[in-house]
Amino acid sequence: MKRKTDNFNKFYNKKSNSAVKEQFRQEKKAAKKERKEAIDKRFEEKRRLKAAKENPQAAKSPQVNTVQQSVDSRDLIPLNKYIAHSGICSRRDAADLVKQGKVTVNGRLITDPGTKVLSKDEVKVNDKKVVMSRNFVYILLNKPKDYITTTDDPQGRKTVLDLIRSATSERVYPVGRLDRNTSGVLLLTNDGELSQKLAHPKHEIKKVYHVGLDKPLTKAHFDKIIAGVELEDGLAKVDALAYADAKDKTQIGIEIHNGKNRIVRRIFESFGYDVRMLDRVMYAGLTKKNVQRGKWRFLQEKEVRILKYLNSSLK
């Protein structure tokens with residue numbers, strides 16, 4: 001009989017099916033680990049070169065982000081990510097705080113958001129210690145009017161955090177903004193990475209609004225809005241526009257991915273309409289179905305997974 005190869009012998013020997021399957025699992029696991037380490041090493045090198053290019057002096061002098069050989073690189077995370085995961089702000093806002101000189105690590109001022117830190121390091125923002133949380137919370141709120149979309153308000157007005165105070169002891173913050181007179185779907189979380197993704201324009205996160213106008217929207221204005229409206233800060237394009245009620249043309253449905261401030265109100269106001277009601281009925285695929293105004297619910301695992309991979313193919 002012709003001699004079988006070593007590879008074929010792996011199938012041909014007397015091992016049980018379960019033993020062979022387990023061997024495959026272990027080999028696959030080892031290969032996956034090796035691939036991840038290679039990717040981490042490659043990105044770490046790219047970050048190091050970028051940091052050296054942006055700040056040559058920092059590259060020459062010892063910094064907190066100098067990694068000791070005894071430290072596993074997988075235990076290190078960027079400083080802005082650490083701050084975001086503490087629940088005080090988004091990852092992008094955390095980067096701004098670092099650049100503004102408001103963050104110290106183990107008593108040392110750090111101005112590079114990409115500086116690597118350990119979970120055991122002492123990180124302070126504005127002289128207040130923050131602690132990274134690994135217990136991520138995702139809350140969908142059906143925001144009512146007259147609530148401010150912020151973590152606190154110097155004027156003492158009601159904030160969206162007042163509505164979800166009983167939901168969690170984690171420090172969560174709103175993703176994006178809804179102005180005081182706008183109601184509807186609002187996401188709150190302490191997951192800084194997801195928050196950054198949903199807020200970034202390149203991911204083109206879709207939002208759908210129900211708009212109530214003071215007078216019927218004319219066909220001429222309808223067509224102009226579809227074509228794109230030139231505002232003071234550039235062209236505003238909508239993805240879809242429709243009359244929400246064929247018999248009442250003051251009720252409009254609008255789909256948009258533009259994240260500019262008060263964009264929906266400004267579009268209609270540019271044609272002389274007064275927006276009497278603005279309600280966000282969908283955000284990134286999330287709706288307020290079965291959530292009464294002023295109430296909240298936790299996202300399901302499936303919903304969180306969809307958000308994390310939403311538009312992930314876009315560059």
# chains A, B, ... in the order shown; residues from 1 in each chain; ligands from 1
$ residues_around --residues "Gly228 in chain A" --least-positions-apart "4" --cutoff "10 Å" --atoms "only C-alpha atoms" --output "JSON list (two decimals) with N, CA and C atoms, in the first residue's frame"
[["chain", "number", "residue", "atom", "x", "y", "z"],
["A", 223, "ASP", "N", -39.41, 69.51, -3.14],
["A", 223, "ASP", "CA", -38.44, 69.16, -4.18],
["A", 223, "ASP", "C", -37.07, 69.79, -3.92],
["A", 224, "LYS", "N", -37.08, 71.02, -3.40],
["A", 224, "LYS", "CA", -35.81, 71.70, -3.12],
["A", 224, "LYS", "C", -35.06, 71.02, -1.98],
["A", 235, "LEU", "N", -23.73, 72.49, 2.27],
["A", 235, "LEU", "CA", -24.90, 71.84, 1.68],
["A", 235, "LEU", "C", -25.44, 70.76, 2.60],
["A", 236, "ALA", "N", -26.75, 70.80, 2.83],
["A", 236, "ALA", "CA", -27.42, 69.79, 3.67],
["A", 236, "ALA", "C", -28.24, 68.88, 2.77],
["A", 237, "LYS", "N", -27.87, 67.60, 2.75],
["A", 237, "LYS", "CA", -28.58, 66.63, 1.93],
["A", 237, "LYS", "C", -29.39, 65.69, 2.82],
["A", 238, "VAL", "N", -30.57, 65.30, 2.32],
["A", 238, "VAL", "CA", -31.39, 64.33, 3.04],
["A", 238, "VAL", "C", -31.41, 63.03, 2.26],
["A", 239, "ASP", "N", -31.61, 61.92, 2.96],
["A", 239, "ASP", "CA", -31.64, 60.61, 2.31],
["A", 239, "ASP", "C", -33.04, 60.26, 1.81],
["A", 267, "ILE", "N", -33.06, 73.18, 8.19],
["A", 267, "ILE", "CA", -33.51, 72.93, 6.80],
["A", 267, "ILE", "C", -34.88, 73.56, 6.57]]
$ select_by_dssp --residues "range 137-276 of chain A" --states "strand (DSSP E)" --output "number ranges by chain"
A: 138-143, 173-174, 182-189, 207-213, 229-231, 234-236, 240-245, 248-256, 275-276
$ atom_distance --atom1 "CA of Lys99 in chain A" --atom2 "CA of Asn80 in chain A"
10.0 Å
$ select_by_dssp --residues "range 103-273 of chain A" --states "alpha helix (DSSP H)" --output "MDAnalysis selection string"
chainID A and resid 192:199 219:227 263:269
$ write_last_selection --atoms "C-alpha atoms" --output "mmCIF file, in the first residue's frame"
data_model
loop_
_atom_site.group_PDB
_atom_site.id
_atom_site.type_symbol
_atom_site.label_atom_id
_atom_site.label_comp_id
_atom_site.auth_asym_id
_atom_site.auth_seq_id
_atom_site.Cartn_x
_atom_site.Cartn_y
_atom_site.Cartn_z
ATOM 1 C CA GLY A 192 -16.439 55.026 24.483
ATOM 2 C CA GLU A 193 -15.382 53.063 21.423
ATOM 3 C CA LEU A 194 -18.960 52.516 20.249
ATOM 4 C CA SER A 195 -19.850 56.114 21.046
ATOM 5 C CA GLN A 196 -16.978 57.358 18.891
ATOM 6 C CA LYS A 197 -18.032 55.120 16.012
ATOM 7 C CA LEU A 198 -21.663 56.244 16.062
ATOM 8 C CA ALA A 199 -20.651 59.903 16.232
ATOM 9 C CA LYS A 219 -44.389 70.685 -3.372
ATOM 10 C CA ALA A 220 -41.824 73.251 -4.537
ATOM 11 C CA HIS A 221 -40.082 73.294 -1.141
ATOM 12 C CA PHE A 222 -40.381 69.502 -0.910
ATOM 13 C CA ASP A 223 -38.443 69.155 -4.183
ATOM 14 C CA LYS A 224 -35.808 71.704 -3.119
ATOM 15 C CA ILE A 225 -35.158 69.868 0.137
ATOM 16 C CA ILE A 226 -34.737 66.586 -1.773
ATOM 17 C CA ALA A 227 -32.233 68.290 -4.104
ATOM 18 C CA ILE A 263 -29.751 70.321 10.970
ATOM 19 C CA VAL A 264 -33.408 69.259 10.586
ATOM 20 C CA ARG A 265 -34.790 72.435 12.149
ATOM 21 C CA ARG A 266 -32.474 74.610 10.070
ATOM 22 C CA ILE A 267 -33.507 72.933 6.801
ATOM 23 C CA PHE A 268 -37.175 73.785 7.291
ATOM 24 C CA GLU A 269 -36.512 77.185 8.883
#
$ residues_around --residues "range 257-262 of chain A" --least-positions-apart "6" --cutoff "6 Å" --atoms "only C-alpha atoms" --output "PDB file with C-alpha atoms, in the first residue's frame"
ATOM      1  CA  GLU A 204     -23.089  57.564   8.005  1.00  0.00           C
ATOM      2  CA  ILE A 205     -25.404  56.644  10.860  1.00  0.00           C
ATOM      3  CA  LYS A 206     -29.021  57.052   9.741  1.00  0.00           C
ATOM      4  CA  LYS A 207     -31.594  59.001  11.737  1.00  0.00           C
TER       5      LYS A 207
END
$ residues_around --residues "range 87-97 of chain A" --least-positions-apart "2" --cutoff "8 Å" --atoms "only C-alpha atoms" --output "list in words"
Asn80, Lys81, Ile83, Ala84, His85, Lys99, Gln100, Gly101, Lys102, Val103, Asp112, Pro113, Val125, Met132, Ser133, Glu170, Arg171, Val172, Tyr173, Val175, Thr189, Asn190, Asp191, Gly192, Glu193, Ser195 and Gln196 of chain A
$ residues_around --residues "Val304 in chain A" --least-positions-apart "3" --cutoff "12 Å" --atoms "only C-alpha atoms" --output "PyMOL selection string"
chain A and resi 136-140+187+189+191+194-195+198+284-286+298-301+307-310
$ write_last_selection --atoms "N, CA and C atoms" --output "JSON list (two decimals), in the first residue's frame"
[["chain", "number", "residue", "atom", "x", "y", "z"],
["A", 136, "PHE", "N", -19.85, 47.32, 30.47],
["A", 136, "PHE", "CA", -20.49, 48.24, 29.55],
["A", 136, "PHE", "C", -22.02, 48.18, 29.68],
["A", 137, "VAL", "N", -22.62, 49.35, 29.62],
["A", 137, "VAL", "CA", -24.07, 49.49, 29.75],
["A", 137, "VAL", "C", -24.60, 50.23, 28.53],
["A", 138, "TYR", "N", -25.72, 49.75, 27.98],
["A", 138, "TYR", "CA", -26.32, 50.36, 26.80],
["A", 138, "TYR", "C", -27.81, 50.59, 27.08],
["A", 139, "ILE", "N", -28.21, 51.86, 27.11],
["A", 139, "ILE", "CA", -29.57, 52.21, 27.48],
["A", 139, "ILE", "C", -30.23, 53.00, 26.35],
["A", 140, "LEU", "N", -31.43, 52.59, 25.97],
["A", 140, "LEU", "CA", -32.22, 53.33, 24.99],
["A", 140, "LEU", "C", -33.29, 54.12, 25.75],
["A", 187, "LEU", "N", -29.50, 57.19, 22.77],
["A", 187, "LEU", "CA", -28.69, 56.10, 23.32],
["A", 187, "LEU", "C", -27.74, 56.67, 24.37],
["A", 189, "THR", "N", -24.52, 55.33, 27.02],
["A", 189, "THR", "CA", -23.61, 54.21, 27.27],
["A", 189, "THR", "C", -22.33, 54.69, 27.92],
["A", 191, "ASP", "N", -19.60, 52.93, 26.83],
["A", 191, "ASP", "CA", -18.72, 52.31, 25.84],
["A", 191, "ASP", "C", -18.18, 53.41, 24.91],
["A", 194, "LEU", "N", -17.72, 52.52, 21.03],
["A", 194, "LEU", "CA", -18.96, 52.52, 20.25],
["A", 194, "LEU", "C", -19.48, 53.94, 20.07],
["A", 195, "SER", "N", -19.40, 54.73, 21.12],
["A", 195, "SER", "CA", -19.85, 56.11, 21.05],
["A", 195, "SER", "C", -19.10, 56.88, 19.97],
["A", 198, "LEU", "N", -20.34, 55.75, 16.44],
["A", 198, "LEU", "CA", -21.66, 56.24, 16.06],
["A", 198, "LEU", "C", -21.64, 57.75, 15.78],
["A", 284, "ALA", "N", -29.72, 54.80, 14.19],
["A", 284, "ALA", "CA", -28.83, 53.65, 13.96],
["A", 284, "ALA", "C", -29.59, 52.33, 14.01],
["A", 285, "GLY", "N", -30.81, 52.32, 13.51],
["A", 285, "GLY", "CA", -31.62, 51.11, 13.50],
["A", 285, "GLY", "C", -32.43, 50.88, 14.77],
["A", 286, "LEU", "N", -32.20, 51.68, 15.81],
["A", 286, "LEU", "CA", -32.93, 51.55, 17.07],
["A", 286, "LEU", "C", -34.20, 52.39, 17.01],
["A", 298, "PHE", "N", -32.82, 48.57, 28.54],
["A", 298, "PHE", "CA", -31.48, 48.15, 28.15],
["A", 298, "PHE", "C", -31.52, 47.55, 26.74],
["A", 299, "LEU", "N", -30.47, 47.76, 25.98],
["A", 299, "LEU", "CA", -30.39, 47.12, 24.68],
["A", 299, "LEU", "C", -30.17, 45.62, 24.85],
["A", 300, "GLN", "N", -30.66, 44.84, 23.92],
["A", 300, "GLN", "CA", -30.41, 43.41, 23.90],
["A", 300, "GLN", "C", -29.02, 43.16, 23.31],
["A", 301, "GLU", "N", -28.46, 42.00, 23.63],
["A", 301, "GLU", "CA", -27.12, 41.67, 23.13],
["A", 301, "GLU", "C", -27.07, 41.73, 21.60],
["A", 307, "LEU", "N", -24.95, 47.16, 16.36],
["A", 307, "LEU", "CA", -24.38, 48.51, 16.43],
["A", 307, "LEU", "C", -22.87, 48.49, 16.22],
["A", 308, "LYS", "N", -22.22, 47.51, 16.82],
["A", 308, "LYS", "CA", -20.76, 47.44, 16.74],
["A", 308, "LYS", "C", -20.28, 47.14, 15.33],
["A", 309, "TYR", "N", -21.09, 46.43, 14.56],
["A", 309, "TYR", "CA", -20.69, 46.07, 13.20],
["A", 309, "TYR", "C", -21.40, 46.91, 12.14],
["A", 310, "LEU", "N", -22.19, 47.89, 12.58],
["A", 310, "LEU", "CA", -22.96, 48.74, 11.67],
["A", 310, "LEU", "C", -22.04, 49.52, 10.75]]
$ closest_residue --among "A:Leu278, A:Tyr82, A:Trp296, A:Gly176" --to "His200 in chain A" --atoms "only C-alpha atoms"
A:Gly176
$ residues_around --residues "range 149-154 of chain A" --least-positions-apart "5" --cutoff "7 Å" --atoms "only C-alpha atoms" --output "list in words"
Thr159, Val160, Leu161, Tyr173, Pro174, Arg177, Leu178 and Asp179 of chain A
$ closest_residue --among "A:Gly107, A:His210, A:Leu49, A:Ile148" --to "Lys128 in chain A" --atoms "only C-alpha atoms"
A:Gly107
$ residues_around --residues "Leu141 in chain A" --least-positions-apart "4" --cutoff "9 Å" --atoms "only C-alpha atoms" --output "JSON list (two decimals) with C-alpha atoms, in the first residue's frame"
[["chain", "number", "residue", "atom", "x", "y", "z"],
["A", 160, "VAL", "CA", -31.54, 63.03, 30.48],
["A", 163, "LEU", "CA", -34.55, 59.92, 33.72],
["A", 164, "ILE", "CA", -32.22, 56.89, 33.85],
["A", 184, "GLY", "CA", -37.33, 60.55, 20.75],
["A", 185, "VAL", "CA", -34.66, 57.87, 20.57],
["A", 186, "LEU", "CA", -31.46, 58.58, 22.53],
["A", 187, "LEU", "CA", -28.69, 56.10, 23.32],
["A", 188, "LEU", "CA", -26.68, 56.34, 26.55],
["A", 288, "LYS", "CA", -38.66, 53.62, 20.53],
["A", 291, "VAL", "CA", -40.83, 52.43, 25.17],
["A", 292, "GLN", "CA", -43.13, 55.15, 26.46],
["A", 293, "ARG", "CA", -42.05, 58.79, 26.52],
["A", 294, "GLY", "CA", -39.67, 59.40, 29.43],
["A", 295, "LYS", "CA", -39.02, 55.66, 29.88],
["A", 296, "TRP", "CA", -35.96, 53.55, 29.02],
["A", 297, "ARG", "CA", -34.80, 49.98, 28.43],
["A", 298, "PHE", "CA", -31.48, 48.15, 28.15]]
